[in-house]
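Engineer: Please find entry12.tsv (TSV, C-alpha atoms) on the next line:
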```
chain	number	residue	atom	x	y	z
V	19	MET	CA	-10.83	-12.50	22.43
V	20	ALA	CA	-7.80	-14.81	22.11
V	21	ALA	CA	-9.64	-16.88	19.47
V	22	GLU	CA	-10.53	-13.75	17.52
V	23	THR	CA	-6.95	-12.55	17.66
V	24	SER	CA	-5.52	-15.81	16.29
V	25	HIS	CA	-8.16	-16.03	13.55
V	26	LEU	CA	-7.27	-12.48	12.51
V	27	GLY	CA	-3.59	-13.42	12.69
V	28	ALA	CA	-3.76	-16.22	10.10
V	29	LYS	CA	-6.01	-14.28	7.73
V	30	THR	CA	-3.80	-11.21	8.08
V	31	ARG	CA	-0.61	-13.14	7.28
V	32	ILE	CA	-2.11	-14.68	4.12
V	33	PHE	CA	-3.44	-11.37	2.83
V	34	THR	CA	-0.21	-9.53	3.70
V	35	ALA	CA	1.72	-12.08	1.59
V	36	ILE	CA	-0.66	-11.62	-1.37
V	37	VAL	CA	-0.47	-7.81	-1.10
V	38	VAL	CA	3.35	-7.81	-0.96
V	39	LEU	CA	3.95	-10.33	-3.79
V	40	ALA	CA	1.35	-8.82	-6.16
V	41	ASN	CA	2.79	-5.34	-5.61
V	42	VAL	CA	6.44	-6.29	-6.14
V	43	LEU	CA	5.83	-8.42	-9.24
V	44	GLY	CA	3.31	-5.90	-10.65
V	45	ASN	CA	5.67	-2.94	-10.25
V	46	SER	CA	8.65	-4.83	-11.67
V	47	LEU	CA	6.70	-5.91	-14.75
V	48	MET	CA	5.33	-2.38	-15.30
V	49	SER	CA	8.78	-0.88	-14.90
V	50	ARG	CA	10.29	-3.26	-17.45
V	51	GLY	CA	7.42	-2.70	-19.92
V	52	VAL	CA	7.57	1.09	-19.69
V	53	ARG	CA	11.32	0.98	-20.18
V	54	LEU	CA	10.95	-1.22	-23.26
V	55	HIS	CA	8.60	1.45	-24.64
V	56	GLY	CA	11.67	3.68	-24.64
V	57	SER	CA	10.44	7.27	-24.42
V	58	ILE	CA	9.19	9.32	-21.47
V	59	LEU	CA	5.40	9.13	-21.13
V	60	GLY	CA	3.12	12.14	-21.00
V	61	SER	CA	2.81	13.49	-24.55
V	62	SER	CA	-0.63	12.03	-25.30
V	63	ALA	CA	-3.39	9.82	-23.93
V	64	LEU	CA	-2.85	7.51	-26.91
V	65	GLU	CA	0.68	6.82	-25.74
V	66	TYR	CA	-0.60	5.59	-22.35
V	67	LEU	CA	-3.08	3.33	-24.11
V	68	GLN	CA	-0.29	1.95	-26.30
V	69	VAL	CA	1.90	1.24	-23.27
V	70	MET	CA	-0.95	-0.47	-21.43
V	71	PHE	CA	-1.18	-3.06	-24.20
V	72	ASN	CA	2.47	-3.97	-23.85
V	73	PRO	CA	2.41	-7.54	-22.43
V	74	TYR	CA	4.67	-6.64	-19.46
V	75	VAL	CA	2.60	-3.59	-18.53
V	76	ALA	CA	-0.69	-5.46	-19.06
V	77	SER	CA	0.34	-8.32	-16.73
V	78	GLY	CA	1.67	-5.74	-14.26
V	79	ILE	CA	-1.72	-3.99	-14.27
V	80	CYS	CA	-3.53	-7.32	-13.64
V	81	LEU	CA	-1.30	-7.92	-10.61
V	82	MET	CA	-1.93	-4.36	-9.38
V	83	ILE	CA	-5.68	-5.06	-9.52
V	84	VAL	CA	-5.10	-8.17	-7.36
V	85	TRP	CA	-2.97	-5.98	-5.06
V	86	MET	CA	-5.70	-3.35	-4.74
V	87	LEU	CA	-8.49	-5.83	-3.98
V	88	ALA	CA	-6.43	-7.85	-1.47
V	89	ARG	CA	-5.36	-4.64	0.27
V	90	MET	CA	-8.94	-3.40	0.44
V	91	ALA	CA	-10.00	-6.70	2.07
V	92	LEU	CA	-7.07	-6.44	4.53
V	93	LEU	CA	-8.03	-2.87	5.46
V	94	SER	CA	-11.60	-4.01	6.20
V	95	TRP	CA	-10.33	-5.61	9.43
V	96	ALA	CA	-6.78	-4.38	10.04
V	97	ASP	CA	-5.59	-0.88	11.03
V	98	LEU	CA	-4.06	1.33	8.33
V	99	SER	CA	-1.21	2.09	10.76
V	100	TYR	CA	-0.60	-1.69	10.93
V	101	VAL	CA	-0.96	-2.47	7.21
V	102	LEU	CA	1.44	0.27	6.06
V	103	PRO	CA	4.59	-0.84	7.93
V	104	VAL	CA	3.91	-4.55	7.59
V	105	THR	CA	3.42	-4.39	3.82
V	106	SER	CA	6.55	-2.23	3.55
V	107	LEU	CA	8.43	-5.48	2.90
V	108	THR	CA	7.62	-4.48	-0.69
V	109	TYR	CA	10.44	-1.89	-0.45
V	110	VAL	CA	12.93	-4.59	0.42
V	111	LEU	CA	11.77	-6.98	-2.30
V	112	THR	CA	11.63	-4.13	-4.83
V	113	ALA	CA	15.31	-3.42	-4.20
V	114	VAL	CA	16.06	-7.12	-4.74
V	115	MET	CA	13.98	-7.22	-7.94
V	116	GLY	CA	15.53	-3.96	-9.20
V	117	ARG	CA	18.91	-5.60	-8.96
V	118	ALA	CA	18.05	-9.11	-10.12
V	119	PHE	CA	15.48	-8.42	-12.83
V	120	LEU	CA	16.02	-4.82	-14.00
V	121	GLY	CA	19.80	-4.52	-13.67
V	122	GLU	CA	19.70	-1.53	-11.30
V	123	GLN	CA	22.58	-0.72	-8.93
V	124	VAL	CA	21.82	-1.37	-5.26
V	125	SER	CA	24.42	0.28	-3.01
V	126	ALA	CA	25.53	-0.78	0.49
V	127	ARG	CA	23.47	2.10	1.89
V	128	ARG	CA	20.35	0.74	0.24
V	129	TRP	CA	20.95	-2.64	1.87
V	130	VAL	CA	21.32	-0.92	5.29
V	131	GLY	CA	17.97	0.79	4.60
V	132	THR	CA	16.53	-2.62	3.86
V	133	VAL	CA	17.60	-3.90	7.29
V	134	PHE	CA	15.90	-0.89	8.97
V	135	ILE	CA	12.68	-1.66	7.11
V	136	MET	CA	12.76	-5.32	8.12
V	137	ALA	CA	13.30	-4.35	11.79
V	138	GLY	CA	10.44	-1.82	11.68
V	139	THR	CA	8.16	-4.37	10.02
V	140	ALA	CA	8.92	-6.97	12.69
V	141	LEU	CA	8.23	-4.44	15.47
V	142	VAL	CA	4.84	-3.35	14.07
V	143	GLY	CA	3.98	-6.97	13.22
V	144	SER	CA	4.15	-7.73	16.95
V	145	THR	CA	1.32	-5.24	17.72
V	146	ALA	CA	-2.44	-5.93	17.62
V	147	VAL	CA	-3.92	-6.06	14.12
V	148	ARG	CA	-6.87	-3.87	15.08
V	149	THR	CA	-7.31	-1.08	17.62
V	150	HIS	CA	-10.64	0.28	16.36
V	151	ASP	CA	-14.13	-1.15	16.74
V	152	SER	CA	-14.81	-2.09	13.13
V	153	ALA	CA	-18.21	-3.72	13.71
V	154	ALA	CA	-19.72	-0.34	14.47
V	155	GLY	CA	-17.58	1.37	11.83
V	156	LYS	CA	-16.67	3.86	14.49
V	157	PRO	CA	-13.46	4.55	16.35
V	158	GLU	CA	-13.01	2.60	19.54
V	159	ARG	CA	-13.70	4.56	22.69
V	160	SER	CA	-10.81	5.36	24.92
V	161	MET	CA	-10.44	3.50	28.22
V	162	ALA	CA	-11.51	6.62	30.12
V	163	GLU	CA	-14.71	6.96	28.12
V	164	ALA	CA	-15.51	3.27	28.43
V	165	ALA	CA	-15.13	3.42	32.20
V	166	ARG	CA	-17.82	6.07	32.54
L	28	MET	CA	9.48	17.01	-13.23
L	29	LYS	CA	10.52	13.90	-11.29
L	30	TRP	CA	9.63	15.49	-7.93
L	31	VAL	CA	6.38	17.00	-9.24
L	32	LEU	CA	5.28	13.48	-10.17
L	33	VAL	CA	6.38	12.18	-6.75
L	34	GLY	CA	4.23	14.94	-5.17
L	35	VAL	CA	1.18	13.98	-7.24
L	36	VAL	CA	1.61	10.28	-6.41
L	37	VAL	CA	2.03	10.94	-2.67
L	38	THR	CA	-0.94	13.33	-2.37
L	39	ALA	CA	-3.29	11.07	-4.33
L	40	THR	CA	-2.15	7.98	-2.39
L	41	VAL	CA	-2.66	9.55	1.04
L	42	LEU	CA	-6.17	10.79	0.19
L	43	SER	CA	-7.06	7.51	-1.51
L	44	ASP	CA	-5.91	5.33	1.42
L	45	ALA	CA	-7.69	7.47	4.02
L	46	LEU	CA	-11.00	7.33	2.10
L	47	GLN	CA	-10.57	3.66	1.18
L	48	THR	CA	-9.99	2.64	4.80
L	49	ALA	CA	-12.94	4.74	6.02
L	50	GLY	CA	-15.10	3.19	3.25
L	51	VAL	CA	-14.28	-0.50	3.79
L	52	ARG	CA	-14.54	-0.02	7.54
L	53	ARG	CA	-18.10	1.26	7.14
L	54	HIS	CA	-18.81	-1.84	5.07
L	55	GLY	CA	-17.40	-4.04	7.85
L	56	GLU	CA	-14.91	-6.91	8.01
L	57	ILE	CA	-14.82	-9.17	4.95
L	58	HIS	CA	-14.90	-12.72	6.36
L	59	ASP	CA	-16.66	-14.80	3.70
L	60	PHE	CA	-14.34	-15.58	0.77
L	61	ARG	CA	-16.69	-17.73	-1.34
L	62	PRO	CA	-17.12	-16.27	-4.86
L	63	GLY	CA	-20.79	-15.32	-4.39
L	64	ALA	CA	-20.18	-13.53	-1.11
L	65	LEU	CA	-17.09	-11.78	-2.52
L	66	GLY	CA	-19.21	-10.62	-5.47
L	67	ARG	CA	-21.83	-9.19	-3.10
L	68	ALA	CA	-19.14	-7.45	-1.04
L	69	GLY	CA	-17.67	-6.04	-4.28
L	70	ALA	CA	-21.08	-4.79	-5.43
L	71	ALA	CA	-21.70	-3.11	-2.06
L	72	LEU	CA	-18.25	-1.47	-2.14
L	73	ALA	CA	-18.81	-0.26	-5.73
L	74	ARG	CA	-21.77	1.77	-4.43
L	75	ASN	CA	-19.81	3.11	-1.47
L	76	GLY	CA	-19.05	6.83	-2.03
L	77	TYR	CA	-15.75	6.74	-0.12
L	78	VAL	CA	-14.51	3.75	-2.13
L	79	ILE	CA	-15.54	5.35	-5.47
L	80	VAL	CA	-13.55	8.54	-4.77
L	81	ALA	CA	-10.66	6.43	-3.42
L	82	VAL	CA	-10.49	4.38	-6.63
L	83	ALA	CA	-10.56	7.56	-8.78
L	84	LEU	CA	-7.65	8.96	-6.75
L	85	MET	CA	-5.86	5.63	-7.08
L	86	ALA	CA	-6.13	5.96	-10.87
L	87	VAL	CA	-4.56	9.46	-10.68
L	88	SER	CA	-1.76	8.03	-8.54
L	89	PHE	CA	-1.32	5.08	-10.93
L	90	PHE	CA	-0.90	7.17	-14.10
L	91	ALA	CA	1.45	9.60	-12.36
L	92	PHE	CA	3.47	6.61	-11.12
L	93	LEU	CA	3.57	5.04	-14.60
L	94	THR	CA	4.89	8.35	-16.00
L	95	LEU	CA	7.48	8.48	-13.20
L	96	LEU	CA	8.64	4.95	-14.11
L	97	SER	CA	9.27	6.09	-17.69
L	98	LEU	CA	11.84	8.64	-16.49
L	99	ALA	CA	13.27	7.18	-13.25
L	100	ASP	CA	14.56	3.88	-11.82
L	101	LEU	CA	12.07	1.61	-10.06
L	102	SER	CA	14.41	1.57	-7.05
L	103	PHE	CA	14.13	5.39	-6.92
L	104	ALA	CA	10.38	5.64	-7.60
L	105	VAL	CA	9.20	3.17	-4.97
L	106	PRO	CA	11.14	4.55	-1.96
L	107	ALA	CA	10.58	8.19	-2.99
L	108	THR	CA	6.82	7.76	-3.07
L	109	ALA	CA	7.02	6.18	0.41
L	110	ALA	CA	6.82	9.67	1.95
L	111	SER	CA	3.10	8.88	1.95
L	112	PHE	CA	3.89	6.34	4.64
L	113	VAL	CA	4.76	8.89	7.33
L	114	ILE	CA	1.83	11.19	6.48
L	115	GLU	CA	-0.58	8.25	6.52
L	116	THR	CA	0.43	7.15	10.03
L	117	PHE	CA	-0.72	10.59	11.24
L	118	VAL	CA	-3.91	10.27	9.18
L	119	ALA	CA	-4.52	6.86	10.81
L	120	LYS	CA	-4.20	8.39	14.27
L	121	TYR	CA	-6.12	11.63	13.82
L	122	TYR	CA	-8.68	10.89	11.05
L	123	LEU	CA	-9.19	7.11	11.43
L	124	ARG	CA	-8.76	7.21	15.22
L	125	GLU	CA	-6.45	4.22	15.45
L	126	ARG	CA	-4.44	3.77	18.62
L	127	VAL	CA	-0.86	4.14	17.49
L	128	ALA	CA	1.14	2.82	20.45
L	129	TRP	CA	4.87	3.37	20.92
L	130	ARG	CA	5.82	0.09	19.21
L	131	ARG	CA	3.99	1.18	16.06
L	132	TRP	CA	5.55	4.66	16.12
L	133	ALA	CA	8.98	3.10	16.62
L	134	GLY	CA	8.37	0.59	13.83
L	135	ALA	CA	7.05	3.27	11.49
L	136	GLY	CA	10.09	5.42	12.36
L	137	LEU	CA	12.50	2.58	11.55
L	138	VAL	CA	10.76	1.96	8.23
L	139	ALA	CA	10.89	5.69	7.41
L	140	CYS	CA	14.67	5.75	8.15
L	141	GLY	CA	15.12	2.69	5.98
L	142	VAL	CA	13.18	4.24	3.13
L	143	ALA	CA	15.25	7.44	3.41
L	144	LEU	CA	18.45	5.37	3.13
L	145	LEU	CA	17.05	3.58	0.08
L	146	ALA	CA	16.16	6.86	-1.61
L	147	LEU	CA	19.60	8.44	-1.16
```
Please re-express this file's structure in structure tokens.
Structural biologist:
Amino acid sequence: MAAETSHLGAKTRIFTAIVVLANVLGNSLMSRGVRLHGSILGSSALEYLQVMFNPYVASGICLMIVWMLARMALLSWADLSYVLPVTSLTYVLTAVMGRAFLGEQVSARRWVGTVFIMAGTALVGSTAVRTHDSAAGKPERSMAEAAR
Amino acid sequence: MKWVLVGVVVTATVLSDALQTAGVRRHGEIHDFRPGALGRAGAALARNGYVIVAVALMAVSFFAFLTLLSLADLSFAVPATAASFVIETFVAKYYLRERVAWRRWAGAGLVACGVALLAL
């Protein structure tokens, strides 16, 4: 049990890092590309196609594909209620990127929010990666049921 | 318009994540990361009904998000769409049957407060 936990721990940390970095870089690149396009999207399908061939948006989409696949792998062993808070470091890094790379204003309140997110992430990161029985693909039985 | 798009993104994301998690869990833990084995896992997931619907919903969420980025700041769009976070913790408990202990609720609560502060 201890061996399984530590093996899950290392794998989980690596995949969490990939998920977070791919998401932050992907979103920043897409945001910059869409803004370079200039107008608000939504008038025609052709316009979306045009935007998707913008080099920033195209590289952003590639990173979002990496994000999606890494997250899917992570969810194959880790709880959704674990993955969500732990990968929420993306919110913090997005605020940093918004300021550094996109020239957005980040107020003192936003930095306080960032500290809350880091604290929440650390708290959830200290819990078990998995609380369901994934081998059977079924929810784990409660202690009461197991005792019967 | 901004908030309509946020609503579309959040709804599609919640449904997509719930189905995606249920789908990959049925497939089982991915533990072999050699290219051949990853290809086989990918092929199996591509035939998994839950994953197919989840990816379609992800595409809906993606295009709505791209439209949102064309009319709002990235540092508004990302925290605003994080409302999905709170809803999904309930989905994890009641639909996916995860055991959400007090440390996870507290952590999720702290993150939600942080996201609210970011969005204001």
Engineer: Could you tell me which residues of chain V sit within 8 Å of chain L when counting all atoms listed in the file, and give me the result as a ChimeraX atom specification?
Structural biologist: /V:45-46,48-49,52-53,56-60,90-91,93-95,97-100,102-103,106,109,112-113,116,122,127-142,145,149-150,152-158
Engineer: Using only C-alpha atoms, please write the residues we just selected to a file, as a compact mmCIF listing (two decimals), keeping the file's coordinate frame.
Structural biologist:
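The file below, again-v2.txt, is the result:
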```txt
# COMPACT_ATOMS: atom_id res chain seq x y z
CA ASN V 45 5.67 -2.94 -10.25
CA SER V 46 8.65 -4.83 -11.67
CA MET V 48 5.33 -2.38 -15.30
CA SER V 49 8.78 -0.88 -14.90
CA VAL V 52 7.57 1.09 -19.69
CA ARG V 53 11.32 0.98 -20.18
CA GLY V 56 11.67 3.68 -24.64
CA SER V 57 10.44 7.27 -24.42
CA ILE V 58 9.19 9.32 -21.47
CA LEU V 59 5.40 9.13 -21.13
CA GLY V 60 3.12 12.14 -21.00
CA MET V 90 -8.94 -3.40 0.44
CA ALA V 91 -10.00 -6.70 2.07
CA LEU V 93 -8.03 -2.87 5.46
CA SER V 94 -11.60 -4.01 6.20
CA TRP V 95 -10.33 -5.61 9.43
CA ASP V 97 -5.59 -0.88 11.03
CA LEU V 98 -4.06 1.33 8.33
CA SER V 99 -1.21 2.09 10.76
CA TYR V 100 -0.60 -1.69 10.93
CA LEU V 102 1.44 0.27 6.06
CA PRO V 103 4.59 -0.84 7.93
CA SER V 106 6.55 -2.23 3.55
CA TYR V 109 10.44 -1.89 -0.45
CA THR V 112 11.63 -4.13 -4.83
CA ALA V 113 15.31 -3.42 -4.20
CA GLY V 116 15.53 -3.96 -9.20
CA GLU V 122 19.70 -1.53 -11.30
CA ARG V 127 23.47 2.10 1.89
CA ARG V 128 20.35 0.74 0.24
CA TRP V 129 20.95 -2.64 1.87
CA VAL V 130 21.32 -0.92 5.29
CA GLY V 131 17.97 0.79 4.60
CA THR V 132 16.53 -2.62 3.86
CA VAL V 133 17.60 -3.90 7.29
CA PHE V 134 15.90 -0.89 8.97
CA ILE V 135 12.68 -1.66 7.11
CA MET V 136 12.76 -5.32 8.12
CA ALA V 137 13.30 -4.35 11.79
CA GLY V 138 10.44 -1.82 11.68
CA THR V 139 8.16 -4.37 10.02
CA ALA V 140 8.92 -6.97 12.69
CA LEU V 141 8.23 -4.44 15.47
CA VAL V 142 4.84 -3.35 14.07
CA THR V 145 1.32 -5.24 17.72
CA THR V 149 -7.31 -1.08 17.62
CA HIS V 150 -10.64 0.28 16.36
CA SER V 152 -14.81 -2.09 13.13
CA ALA V 153 -18.21 -3.72 13.71
CA ALA V 154 -19.72 -0.34 14.47
CA GLY V 155 -17.58 1.37 11.83
CA LYS V 156 -16.67 3.86 14.49
CA PRO V 157 -13.46 4.55 16.35
CA GLU V 158 -13.01 2.60 19.54
```
Engineer: At what distance in Å, to one decimal, does atom CA of L:Arg67 lie from atom CA of V:Phe33?
Structural biologist: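 We find that atom CA of V:Phe33 and atom CA of L:Arg67 lie 19.4 Å from each other.
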Engineer: Using atom CA of V:Met82 and atom CA of V:Ala40 as the two end points, give the distance in Å to one decimal.
Structural biologist: 6.4 Å
Engineer: For V:Arg89, find every residue with an atom within 9 Å (counting all atoms listed in the file), except residues of its own chain fewer than 5 positions away, and show them as a list in words.
Structural biologist: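 After dropping sequence-adjacent residues, the list is Phe33, Thr34, Ile36, Val37, Val84, Ser94 and Val101 of chain V.
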Engineer: Rebuild N, CA and C atoms on stretch 88-114 of chain L, as a compact mmCIF listing (two decimals), in the frame of the given file?
Structural biologist:
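For reference, rebuild16.txt as written:
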```txt
# COMPACT_ATOMS: atom_id res chain seq x y z
N SER L 88 -3.05 8.43 -9.07
CA SER L 88 -1.76 8.03 -8.54
C SER L 88 -1.08 7.02 -9.47
N PHE L 89 -1.88 6.10 -10.04
CA PHE L 89 -1.32 5.08 -10.93
C PHE L 89 -0.70 5.69 -12.19
N PHE L 90 -1.43 6.61 -12.85
CA PHE L 90 -0.90 7.17 -14.10
C PHE L 90 0.31 8.07 -13.84
N ALA L 91 0.28 8.79 -12.71
CA ALA L 91 1.45 9.60 -12.36
C ALA L 91 2.65 8.69 -12.09
N PHE L 92 2.40 7.55 -11.43
CA PHE L 92 3.47 6.61 -11.12
C PHE L 92 4.04 5.97 -12.38
N LEU L 93 3.14 5.63 -13.33
CA LEU L 93 3.57 5.04 -14.60
C LEU L 93 4.47 6.03 -15.37
N THR L 94 4.08 7.31 -15.35
CA THR L 94 4.89 8.35 -16.00
C THR L 94 6.25 8.45 -15.31
N LEU L 95 6.24 8.41 -13.98
CA LEU L 95 7.48 8.48 -13.20
C LEU L 95 8.40 7.31 -13.57
N LEU L 96 7.83 6.12 -13.76
CA LEU L 96 8.64 4.95 -14.11
C LEU L 96 9.30 5.12 -15.47
N SER L 97 8.68 5.93 -16.36
CA SER L 97 9.27 6.09 -17.69
C SER L 97 10.48 7.01 -17.64
N LEU L 98 10.67 7.76 -16.54
CA LEU L 98 11.84 8.64 -16.49
C LEU L 98 12.74 8.41 -15.28
N ALA L 99 12.41 7.45 -14.41
CA ALA L 99 13.27 7.18 -13.25
C ALA L 99 13.37 5.69 -13.00
N ASP L 100 14.39 5.28 -12.22
CA ASP L 100 14.56 3.88 -11.82
C ASP L 100 13.42 3.44 -10.91
N LEU L 101 13.06 2.16 -10.98
CA LEU L 101 12.07 1.61 -10.06
C LEU L 101 12.58 1.74 -8.62
N SER L 102 13.89 1.51 -8.42
CA SER L 102 14.41 1.57 -7.05
C SER L 102 14.59 3.01 -6.56
N PHE L 103 14.30 4.02 -7.42
CA PHE L 103 14.13 5.39 -6.92
C PHE L 103 12.64 5.64 -6.66
N ALA L 104 11.80 5.28 -7.63
CA ALA L 104 10.38 5.64 -7.60
C ALA L 104 9.67 5.07 -6.38
N VAL L 105 9.93 3.80 -6.06
CA VAL L 105 9.20 3.17 -4.97
C VAL L 105 9.55 3.80 -3.61
N PRO L 106 10.86 3.91 -3.25
CA PRO L 106 11.14 4.55 -1.96
C PRO L 106 10.74 6.02 -1.91
N ALA L 107 10.89 6.76 -3.02
CA ALA L 107 10.58 8.19 -2.99
C ALA L 107 9.10 8.42 -2.72
N THR L 108 8.25 7.58 -3.28
CA THR L 108 6.82 7.76 -3.07
C THR L 108 6.39 7.24 -1.69
N ALA L 109 7.34 6.70 -0.92
CA ALA L 109 7.02 6.18 0.41
C ALA L 109 6.87 7.29 1.44
N ALA L 110 7.07 8.55 1.03
CA ALA L 110 6.82 9.67 1.95
C ALA L 110 5.37 9.61 2.42
N SER L 111 4.51 9.02 1.59
CA SER L 111 3.10 8.88 1.95
C SER L 111 2.94 8.11 3.25
N PHE L 112 3.89 7.22 3.49
CA PHE L 112 3.89 6.34 4.64
C PHE L 112 3.83 7.11 5.97
N VAL L 113 4.69 8.12 6.09
CA VAL L 113 4.76 8.89 7.33
C VAL L 113 3.47 9.71 7.51
N ILE L 114 3.04 10.37 6.42
CA ILE L 114 1.83 11.19 6.48
C ILE L 114 0.63 10.32 6.86
```
